[in-house]
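Source file: my_file_8.pdb. Holds: PDB, C-alpha atoms.
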ATOM      1  CA  MET K   1      43.749 -27.176 -48.797  1.00  0.00           C
ATOM      2  CA  SER K   2      44.890 -25.843 -45.440  1.00  0.00           C
ATOM      3  CA  ILE K   3      44.839 -28.091 -42.406  1.00  0.00           C
ATOM      4  CA  ARG K   4      43.112 -26.473 -39.446  1.00  0.00           C
ATOM      5  CA  THR K   5      44.998 -25.687 -36.280  1.00  0.00           C
ATOM      6  CA  PRO K   6      42.280 -25.699 -33.575  1.00  0.00           C
ATOM      7  CA  TYR K   7      44.695 -25.066 -30.697  1.00  0.00           C
ATOM      8  CA  LEU K   8      46.266 -21.978 -32.280  1.00  0.00           C
ATOM      9  CA  GLN K   9      45.278 -18.353 -32.623  1.00  0.00           C
ATOM     10  CA  VAL K  10      47.305 -15.724 -34.499  1.00  0.00           C
ATOM     11  CA  ALA K  11      47.813 -12.374 -32.767  1.00  0.00           C
ATOM     12  CA  ASP K  12      50.389  -9.624 -32.318  1.00  0.00           C
ATOM     13  CA  SER K  13      53.638 -10.919 -30.838  1.00  0.00           C
ATOM     14  CA  GLY K  14      55.845  -9.175 -28.303  1.00  0.00           C
ATOM     15  CA  VAL K  15      58.831 -10.725 -30.085  1.00  0.00           C
ATOM     16  CA  HIS K  16      58.202 -10.154 -33.799  1.00  0.00           C
ATOM     17  CA  GLY K  17      55.186  -9.239 -35.941  1.00  0.00           C
ATOM     18  CA  LEU K  18      52.471 -11.842 -35.569  1.00  0.00           C
ATOM     19  CA  GLY K  19      52.762 -14.922 -33.387  1.00  0.00           C
ATOM     20  CA  ALA K  20      50.893 -18.172 -32.805  1.00  0.00           C
ATOM     21  CA  PHE K  21      49.314 -18.569 -29.374  1.00  0.00           C
ATOM     22  CA  VAL K  22      47.657 -21.614 -27.803  1.00  0.00           C
ATOM     23  CA  THR K  23      43.930 -21.275 -27.116  1.00  0.00           C
ATOM     24  CA  GLN K  24      43.817 -23.654 -24.134  1.00  0.00           C
ATOM     25  CA  ASP K  25      46.073 -25.436 -21.652  1.00  0.00           C
ATOM     26  CA  LEU K  26      47.838 -28.324 -23.400  1.00  0.00           C
ATOM     27  CA  PRO K  27      50.058 -31.170 -22.166  1.00  0.00           C
ATOM     28  CA  THR K  28      53.561 -32.016 -23.361  1.00  0.00           C
ATOM     29  CA  ALA K  29      53.698 -33.747 -26.770  1.00  0.00           C
ATOM     30  CA  THR K  30      50.385 -32.306 -28.014  1.00  0.00           C
ATOM     31  CA  LEU K  31      50.269 -32.071 -31.804  1.00  0.00           C
ATOM     32  CA  LEU K  32      49.832 -28.331 -32.366  1.00  0.00           C
ATOM     33  CA  GLY K  33      49.563 -28.490 -36.134  1.00  0.00           C
ATOM     34  CA  THR K  34      51.160 -29.504 -39.411  1.00  0.00           C
ATOM     35  CA  TYR K  35      53.226 -26.901 -41.263  1.00  0.00           C
ATOM     36  CA  GLN K  36      51.371 -26.339 -44.526  1.00  0.00           C
ATOM     37  CA  GLY K  37      52.076 -24.534 -47.768  1.00  0.00           C
ATOM     38  CA  ARG K  38      53.263 -24.915 -51.317  1.00  0.00           C
ATOM     39  CA  ARG K  39      56.102 -27.393 -51.731  1.00  0.00           C
ATOM     40  CA  PHE K  40      59.160 -26.704 -53.843  1.00  0.00           C
ATOM     41  CA  SER K  41      61.847 -29.172 -54.909  1.00  0.00           C
ATOM     42  CA  GLU K  42      65.490 -28.053 -54.664  1.00  0.00           C
ATOM     43  CA  ASP K  43      65.489 -27.261 -58.416  1.00  0.00           C
ATOM     44  CA  GLN K  44      62.273 -25.235 -58.206  1.00  0.00           C
ATOM     45  CA  LEU K  45      63.568 -23.387 -55.163  1.00  0.00           C
ATOM     46  CA  CYS K  46      66.796 -22.396 -56.912  1.00  0.00           C
ATOM     47  CA  ARG K  47      64.913 -21.007 -59.916  1.00  0.00           C
ATOM     48  CA  ARG K  48      62.704 -18.687 -57.837  1.00  0.00           C
ATOM     49  CA  ARG K  49      63.447 -15.166 -56.677  1.00  0.00           C
ATOM     50  CA  TRP K  50      62.700 -14.762 -52.993  1.00  0.00           C
ATOM     51  CA  ASP K  51      61.983 -11.663 -50.949  1.00  0.00           C
ATOM     52  CA  ASP K  52      64.388 -12.027 -48.019  1.00  0.00           C
ATOM     53  CA  SER K  53      62.524  -9.538 -45.821  1.00  0.00           C
ATOM     54  CA  LEU K  54      59.748 -11.930 -44.765  1.00  0.00           C
ATOM     55  CA  THR K  55      59.715 -15.623 -45.519  1.00  0.00           C
ATOM     56  CA  TYR K  56      57.773 -18.614 -44.310  1.00  0.00           C
ATOM     57  CA  LEU K  57      60.129 -21.228 -45.752  1.00  0.00           C
ATOM     58  CA  PHE K  58      60.771 -24.513 -43.956  1.00  0.00           C
ATOM     59  CA  SER K  59      63.274 -26.958 -45.455  1.00  0.00           C
ATOM     60  CA  LEU K  60      62.815 -30.706 -45.135  1.00  0.00           C
ATOM     61  CA  SER K  61      65.496 -33.392 -45.000  1.00  0.00           C
ATOM     62  CA  ASN K  62      64.432 -34.760 -48.413  1.00  0.00           C
ATOM     63  CA  GLY K  63      65.398 -31.450 -50.080  1.00  0.00           C
ATOM     64  CA  ASP K  64      61.853 -30.124 -50.414  1.00  0.00           C
ATOM     65  CA  THR K  65      60.926 -26.723 -48.976  1.00  0.00           C
ATOM     66  CA  ILE K  66      57.478 -25.701 -47.755  1.00  0.00           C
ATOM     67  CA  ASP K  67      56.440 -22.084 -48.366  1.00  0.00           C
ATOM     68  CA  GLY K  68      53.903 -21.319 -45.631  1.00  0.00           C
ATOM     69  CA  SER K  69      52.956 -18.010 -47.269  1.00  0.00           C
ATOM     70  CA  ARG K  70      51.120 -20.005 -49.971  1.00  0.00           C
ATOM     71  CA  GLY K  71      48.373 -22.191 -48.538  1.00  0.00           C
ATOM     72  CA  GLY K  72      49.836 -22.140 -45.043  1.00  0.00           C
ATOM     73  CA  ASN K  73      48.067 -22.106 -41.701  1.00  0.00           C
ATOM     74  CA  ALA K  74      48.653 -20.602 -38.237  1.00  0.00           C
ATOM     75  CA  THR K  75      51.848 -22.637 -37.715  1.00  0.00           C
ATOM     76  CA  ARG K  76      53.661 -20.258 -40.095  1.00  0.00           C
ATOM     77  CA  HIS K  77      53.415 -17.576 -37.387  1.00  0.00           C
ATOM     78  CA  ILE K  78      55.416 -19.507 -34.784  1.00  0.00           C
ATOM     79  CA  ASN K  79      58.348 -17.234 -33.993  1.00  0.00           C
ATOM     80  CA  HIS K  80      61.931 -18.148 -33.094  1.00  0.00           C
ATOM     81  CA  SER K  81      63.315 -18.447 -29.580  1.00  0.00           C
ATOM     82  CA  CYS K  82      66.592 -19.842 -28.300  1.00  0.00           C
ATOM     83  CA  GLU K  83      64.432 -21.451 -25.557  1.00  0.00           C
ATOM     84  CA  PRO K  84      61.634 -23.050 -27.624  1.00  0.00           C
ATOM     85  CA  ASN K  85      58.441 -24.510 -26.164  1.00  0.00           C
ATOM     86  CA  CYS K  86      57.639 -26.606 -29.241  1.00  0.00           C
ATOM     87  CA  GLU K  87      59.523 -28.546 -31.890  1.00  0.00           C
ATOM     88  CA  ALA K  88      59.112 -29.428 -35.556  1.00  0.00           C
ATOM     89  CA  VAL K  89      59.239 -33.154 -36.291  1.00  0.00           C
ATOM     90  CA  GLU K  90      59.354 -34.768 -39.733  1.00  0.00           C
ATOM     91  CA  GLU K  91      56.908 -37.651 -40.131  1.00  0.00           C
ATOM     92  CA  ILE K  92      55.384 -39.558 -43.024  1.00  0.00           C
ATOM     93  CA  ASP K  93      51.756 -38.516 -43.606  1.00  0.00           C
ATOM     94  CA  ALA K  94      48.797 -40.645 -44.773  1.00  0.00           C
ATOM     95  CA  LYS K  95      49.751 -40.008 -48.443  1.00  0.00           C
ATOM     96  CA  GLY K  96      53.302 -41.259 -47.859  1.00  0.00           C
ATOM     97  CA  ARG K  97      54.823 -37.752 -48.069  1.00  0.00           C
ATOM     98  CA  LEU K  98      57.203 -36.188 -45.608  1.00  0.00           C
ATOM     99  CA  ALA K  99      55.209 -33.850 -43.333  1.00  0.00           C
ATOM    100  CA  LEU K 100      56.363 -31.351 -40.726  1.00  0.00           C
ATOM    101  CA  ARG K 101      54.380 -31.531 -37.496  1.00  0.00           C
ATOM    102  CA  ILE K 102      54.707 -29.190 -34.538  1.00  0.00           C
ATOM    103  CA  TYR K 103      54.588 -30.691 -31.018  1.00  0.00           C
ATOM    104  CA  ALA K 104      54.629 -29.129 -27.550  1.00  0.00           C
ATOM    105  CA  LEU K 105      57.938 -29.675 -25.729  1.00  0.00           C
ATOM    106  CA  ARG K 106      56.367 -28.977 -22.339  1.00  0.00           C
ATOM    107  CA  PRO K 107      52.947 -28.195 -20.879  1.00  0.00           C
ATOM    108  CA  LEU K 108      51.554 -24.982 -22.393  1.00  0.00           C
ATOM    109  CA  LEU K 109      49.169 -22.498 -20.818  1.00  0.00           C
ATOM    110  CA  ALA K 110      46.247 -20.894 -22.649  1.00  0.00           C
ATOM    111  CA  GLY K 111      47.414 -17.636 -24.243  1.00  0.00           C
ATOM    112  CA  GLU K 112      51.095 -18.656 -24.319  1.00  0.00           C
ATOM    113  CA  GLU K 113      53.013 -17.801 -27.470  1.00  0.00           C
ATOM    114  CA  LEU K 114      54.647 -20.690 -29.305  1.00  0.00           C
ATOM    115  CA  PHE K 115      58.327 -20.689 -30.213  1.00  0.00           C
ATOM    116  CA  LEU K 116      60.574 -22.931 -32.289  1.00  0.00           C
ATOM    117  CA  ASP K 117      64.356 -22.776 -32.406  1.00  0.00           C
ATOM    118  CA  TYR K 118      64.703 -22.085 -36.124  1.00  0.00           C
ATOM    119  CA  GLY K 119      68.300 -23.350 -36.149  1.00  0.00           C
ATOM    120  CA  LEU K 120      68.887 -21.655 -39.499  1.00  0.00           C
ATOM    121  CA  ILE K 121      71.636 -22.997 -41.718  1.00  0.00           C
ATOM    122  CA  VAL K 122      73.087 -20.254 -43.890  1.00  0.00           C
ATOM    123  CA  ASP K 123      75.708 -20.167 -46.602  1.00  0.00           C
ATOM    124  CA  GLU K 124      79.313 -19.327 -45.786  1.00  0.00           C
ATOM    125  CA  ALA K 125      78.987 -15.789 -47.162  1.00  0.00           C
ATOM    126  CA  SER K 126      76.311 -14.964 -44.552  1.00  0.00           C
ATOM    127  CA  MET K 127      77.015 -13.789 -41.035  1.00  0.00           C
ATOM    128  CA  ALA K 128      75.044 -15.066 -38.025  1.00  0.00           C
ATOM    129  CA  SER K 129      74.577 -11.408 -37.042  1.00  0.00           C
ATOM    130  CA  ASP K 130      72.503 -10.946 -40.227  1.00  0.00           C
ATOM    131  CA  TYR K 131      69.853 -13.173 -38.602  1.00  0.00           C
ATOM    132  CA  ARG K 132      69.423 -11.363 -35.296  1.00  0.00           C
ATOM    133  CA  CYS K 133      67.368 -13.044 -32.592  1.00  0.00           C
ATOM    134  CA  LEU K 134      64.848 -10.973 -30.629  1.00  0.00           C
ATOM    135  CA  CYS K 135      63.716 -13.634 -28.134  1.00  0.00           C
ATOM    136  CA  ARG K 136      65.276 -12.099 -24.986  1.00  0.00           C
ATOM    137  CA  ALA K 137      65.611 -15.595 -23.450  1.00  0.00           C
ATOM    138  CA  ALA K 138      68.217 -16.063 -20.730  1.00  0.00           C
ATOM    139  CA  SER K 139      70.185 -18.388 -23.026  1.00  0.00           C
ATOM    140  CA  CYS K 140      69.736 -16.259 -26.165  1.00  0.00           C
ATOM    141  CA  ARG K 141      72.623 -16.788 -28.581  1.00  0.00           C
ATOM    142  CA  GLY K 142      71.839 -13.522 -30.401  1.00  0.00           C
ATOM    143  CA  SER K 143      71.088 -15.189 -33.726  1.00  0.00           C
ATOM    144  CA  MET K 144      68.492 -17.499 -35.268  1.00  0.00           C
ATOM    145  CA  VAL K 145      71.359 -19.413 -36.917  1.00  0.00           C
ATOM    146  CA  ALA K 146      71.976 -22.908 -35.568  1.00  0.00           C
ATOM    147  CA  PRO K 147      74.745 -23.022 -32.961  1.00  0.00           C
ATOM    148  CA  PRO K 148      78.007 -24.560 -34.143  1.00  0.00           C
ATOM    149  CA  HIS K 149      78.276 -28.249 -33.313  1.00  0.00           C
ATOM    150  CA  ALA K 150      80.749 -29.072 -30.600  1.00  0.00           C
ATOM    151  CA  SER K 151      83.592 -31.123 -31.964  1.00  0.00           C
ATOM    152  CA  GLY K 152      84.419 -34.093 -29.983  1.00  0.00           C
TER     153      GLY K 152
END
Can you dump the structure from the file as structure tokens?
Amino acid sequence: MSIRTPYLQVADSGVHGLGAFVTQDLPTATLLGTYQGRRFSEDQLCRRRWDDSLTYLFSLSNGDTIDGSRGGNATRHINHSCEPNCEAVEEIDAKGRLALRIYALRPLLAGEELFLDYGLIVDEASMASDYRCLCRAASCRGSMVAPPHASG
């Protein structure tokens, strides 16, 4: 069962494919939706073959992964930007499961496209340049891969 996302509308994106856009002005910290889809454990995930060209996978801290292409909602169309206007937050839902909720980081205007910083974590054999960013933000790092942590 898909959870509705009343504040979101899916439409063509100027950044990549389809995007999620807000349908009305919204204040900071508004819950925009819960990322939905089929859940896979780490073992199940490793046994599957994935098409790397287009994925809607979101990994959780407990090792589960949500596949938004199966039973997902409009939140799966939130594109990446190095200057995001929303964030994904892990919370415990009413059933006691880890859920991924999307919140506005700042006030949003009706018609504005939503963006998360994907902060991808890739294996050592992958290059950040393989995950090119198209956001065109002033602070664009050129990749959807998470920036290296500053050592201190």
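The protein and nucleic acid residues lying at most 7 Å from K:Leu26 are Gln24, Thr28, Thr30, Pro107, Leu108 and Leu109 of chain K, with all atoms listed in the file considered and sequence neighbours fewer than 2 positions away removed.
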Checklist line | Residue members of the PyMOL selection byres ((chain K and resi 41) around 10) in the file shown, as a VMD selection string | finding: chain K and resid 39 to 40 42 to 46 59 to 60 62 to 66
Can you write just those residues out, C-alpha atoms, as a PDB file, keeping the file's coordinate frame?
ATOM      1  CA  ARG K  39      56.102 -27.393 -51.731  1.00  0.00           C
ATOM      2  CA  PHE K  40      59.160 -26.704 -53.843  1.00  0.00           C
ATOM      3  CA  GLU K  42      65.490 -28.053 -54.664  1.00  0.00           C
ATOM      4  CA  ASP K  43      65.489 -27.261 -58.416  1.00  0.00           C
ATOM      5  CA  GLN K  44      62.273 -25.235 -58.206  1.00  0.00           C
ATOM      6  CA  LEU K  45      63.568 -23.387 -55.163  1.00  0.00           C
ATOM      7  CA  CYS K  46      66.796 -22.396 -56.912  1.00  0.00           C
ATOM      8  CA  SER K  59      63.274 -26.958 -45.455  1.00  0.00           C
ATOM      9  CA  LEU K  60      62.815 -30.706 -45.135  1.00  0.00           C
ATOM     10  CA  ASN K  62      64.432 -34.760 -48.413  1.00  0.00           C
ATOM     11  CA  GLY K  63      65.398 -31.450 -50.080  1.00  0.00           C
ATOM     12  CA  ASP K  64      61.853 -30.124 -50.414  1.00  0.00           C
ATOM     13  CA  THR K  65      60.926 -26.723 -48.976  1.00  0.00           C
ATOM     14  CA  ILE K  66      57.478 -25.701 -47.755  1.00  0.00           C
TER      15      ILE K  66
END
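Note that atom CA of K:Asn73 and atom CA of K:Ala99 are 13.8 Å apart.
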Next item on the list: Excluding K:Gly37 and any residue of its chain fewer than 4 positions from it, enumerate the residues within 6 Å of it, using all atoms listed in the file, and give them as a ChimeraX atom specification.
Entry: /K:66-68,70-72
Next item on the list: List the residues matched by the PyMOL selection byres ((chain K and resi 138-147) around 12) in the displayed structure as a count of residues only, ordered by chain and then by residue number.
Entry: 31
How big is the axis-aligned box, and where does its centre sit, when it encloses all atoms of stretch 24-37 of chain K listed in the file and has 8 Å added on every side, reported in Å to one decimal as AutoDock Vina command-line options?
--center_x 48.8 --center_y -28.7 --center_z -34.7 --size_x 25.9 --size_y 26.1 --size_z 42.1
Note to self: Expand the PyMOL selection byres ((chain K and resi 8) around 7) into the explicit residue set it covers here, and present it as a VMD selection string.
What the structure shows: chain K and resid 5 to 7 9 to 10 20 to 23 74
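You will find atom CA of K:Leu98 at 25.0 Å from atom CA of K:Pro27.
Put simply, atom CA of K:Gly19 is 9.9 Å away from atom CA of K:Glu112.
Closest approach to K:Gln36 from the set K:Arg106, K:His16, K:Arg76, K:Arg97 is made by K:Arg76, with distances taken over only C-alpha atoms.
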Check: Of the candidates K:Ser69, K:Val15, K:Asp25, K:Glu87, which one gets nearest to K:Arg38 if we count only C-alpha atoms?
Finding: K:Ser69
Next item on the list: Could you tell me which of K:Gly17, K:Gly96, K:Glu90, K:Leu31 comes closest to K:Ser61 if we count all atoms listed in the file?
Entry: K:Glu90
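Minimum atom-to-atom distances from K:Leu18, K:Asp12, K:Ala29, K:Ala88 to K:Ala104 were compared using all atoms listed in the file, and the lowest value belongs to K:Ala29.
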Mind filling out stretch 87-98 of chain K with N, CA and C atoms and sending it as a PDB file, in the frame of the given file?
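Output contents, as saved in selection17.pdb:
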ATOM      1  N   GLU K  87      58.523 -28.071 -30.933  1.00  0.00           N
ATOM      2  CA  GLU K  87      59.523 -28.546 -31.890  1.00  0.00           C
ATOM      3  C   GLU K  87      58.849 -29.027 -33.160  1.00  0.00           C
ATOM      4  N   ALA K  88      59.584 -28.940 -34.262  1.00  0.00           N
ATOM      5  CA  ALA K  88      59.112 -29.428 -35.556  1.00  0.00           C
ATOM      6  C   ALA K  88      59.692 -30.820 -35.778  1.00  0.00           C
ATOM      7  N   VAL K  89      58.834 -31.767 -36.112  1.00  0.00           N
ATOM      8  CA  VAL K  89      59.239 -33.154 -36.291  1.00  0.00           C
ATOM      9  C   VAL K  89      58.791 -33.619 -37.672  1.00  0.00           C
ATOM     10  N   GLU K  90      59.704 -34.203 -38.430  1.00  0.00           N
ATOM     11  CA  GLU K  90      59.354 -34.768 -39.733  1.00  0.00           C
ATOM     12  C   GLU K  90      58.739 -36.152 -39.536  1.00  0.00           C
ATOM     13  N   GLU K  91      57.598 -36.369 -40.189  1.00  0.00           N
ATOM     14  CA  GLU K  91      56.908 -37.651 -40.131  1.00  0.00           C
ATOM     15  C   GLU K  91      56.313 -37.942 -41.509  1.00  0.00           C
ATOM     16  N   ILE K  92      56.035 -39.177 -41.773  1.00  0.00           N
ATOM     17  CA  ILE K  92      55.384 -39.558 -43.024  1.00  0.00           C
ATOM     18  C   ILE K  92      53.872 -39.435 -42.820  1.00  0.00           C
ATOM     19  N   ASP K  93      53.201 -38.705 -43.735  1.00  0.00           N
ATOM     20  CA  ASP K  93      51.756 -38.516 -43.606  1.00  0.00           C
ATOM     21  C   ASP K  93      50.991 -39.666 -44.256  1.00  0.00           C
ATOM     22  N   ALA K  94      49.658 -39.579 -44.249  1.00  0.00           N
ATOM     23  CA  ALA K  94      48.797 -40.645 -44.773  1.00  0.00           C
ATOM     24  C   ALA K  94      48.998 -40.872 -46.269  1.00  0.00           C
ATOM     25  N   LYS K  95      49.496 -39.880 -47.001  1.00  0.00           N
ATOM     26  CA  LYS K  95      49.751 -40.008 -48.443  1.00  0.00           C
ATOM     27  C   LYS K  95      51.170 -40.494 -48.732  1.00  0.00           C
ATOM     28  N   GLY K  96      51.941 -40.777 -47.680  1.00  0.00           N
ATOM     29  CA  GLY K  96      53.302 -41.259 -47.859  1.00  0.00           C
ATOM     30  C   GLY K  96      54.326 -40.152 -48.098  1.00  0.00           C
ATOM     31  N   ARG K  97      53.918 -38.897 -47.895  1.00  0.00           N
ATOM     32  CA  ARG K  97      54.823 -37.752 -48.069  1.00  0.00           C
ATOM     33  C   ARG K  97      55.413 -37.330 -46.737  1.00  0.00           C
ATOM     34  N   LEU K  98      56.579 -36.738 -46.799  1.00  0.00           N
ATOM     35  CA  LEU K  98      57.203 -36.188 -45.608  1.00  0.00           C
ATOM     36  C   LEU K  98      56.406 -34.969 -45.161  1.00  0.00           C
TER      37      LEU K  98
END
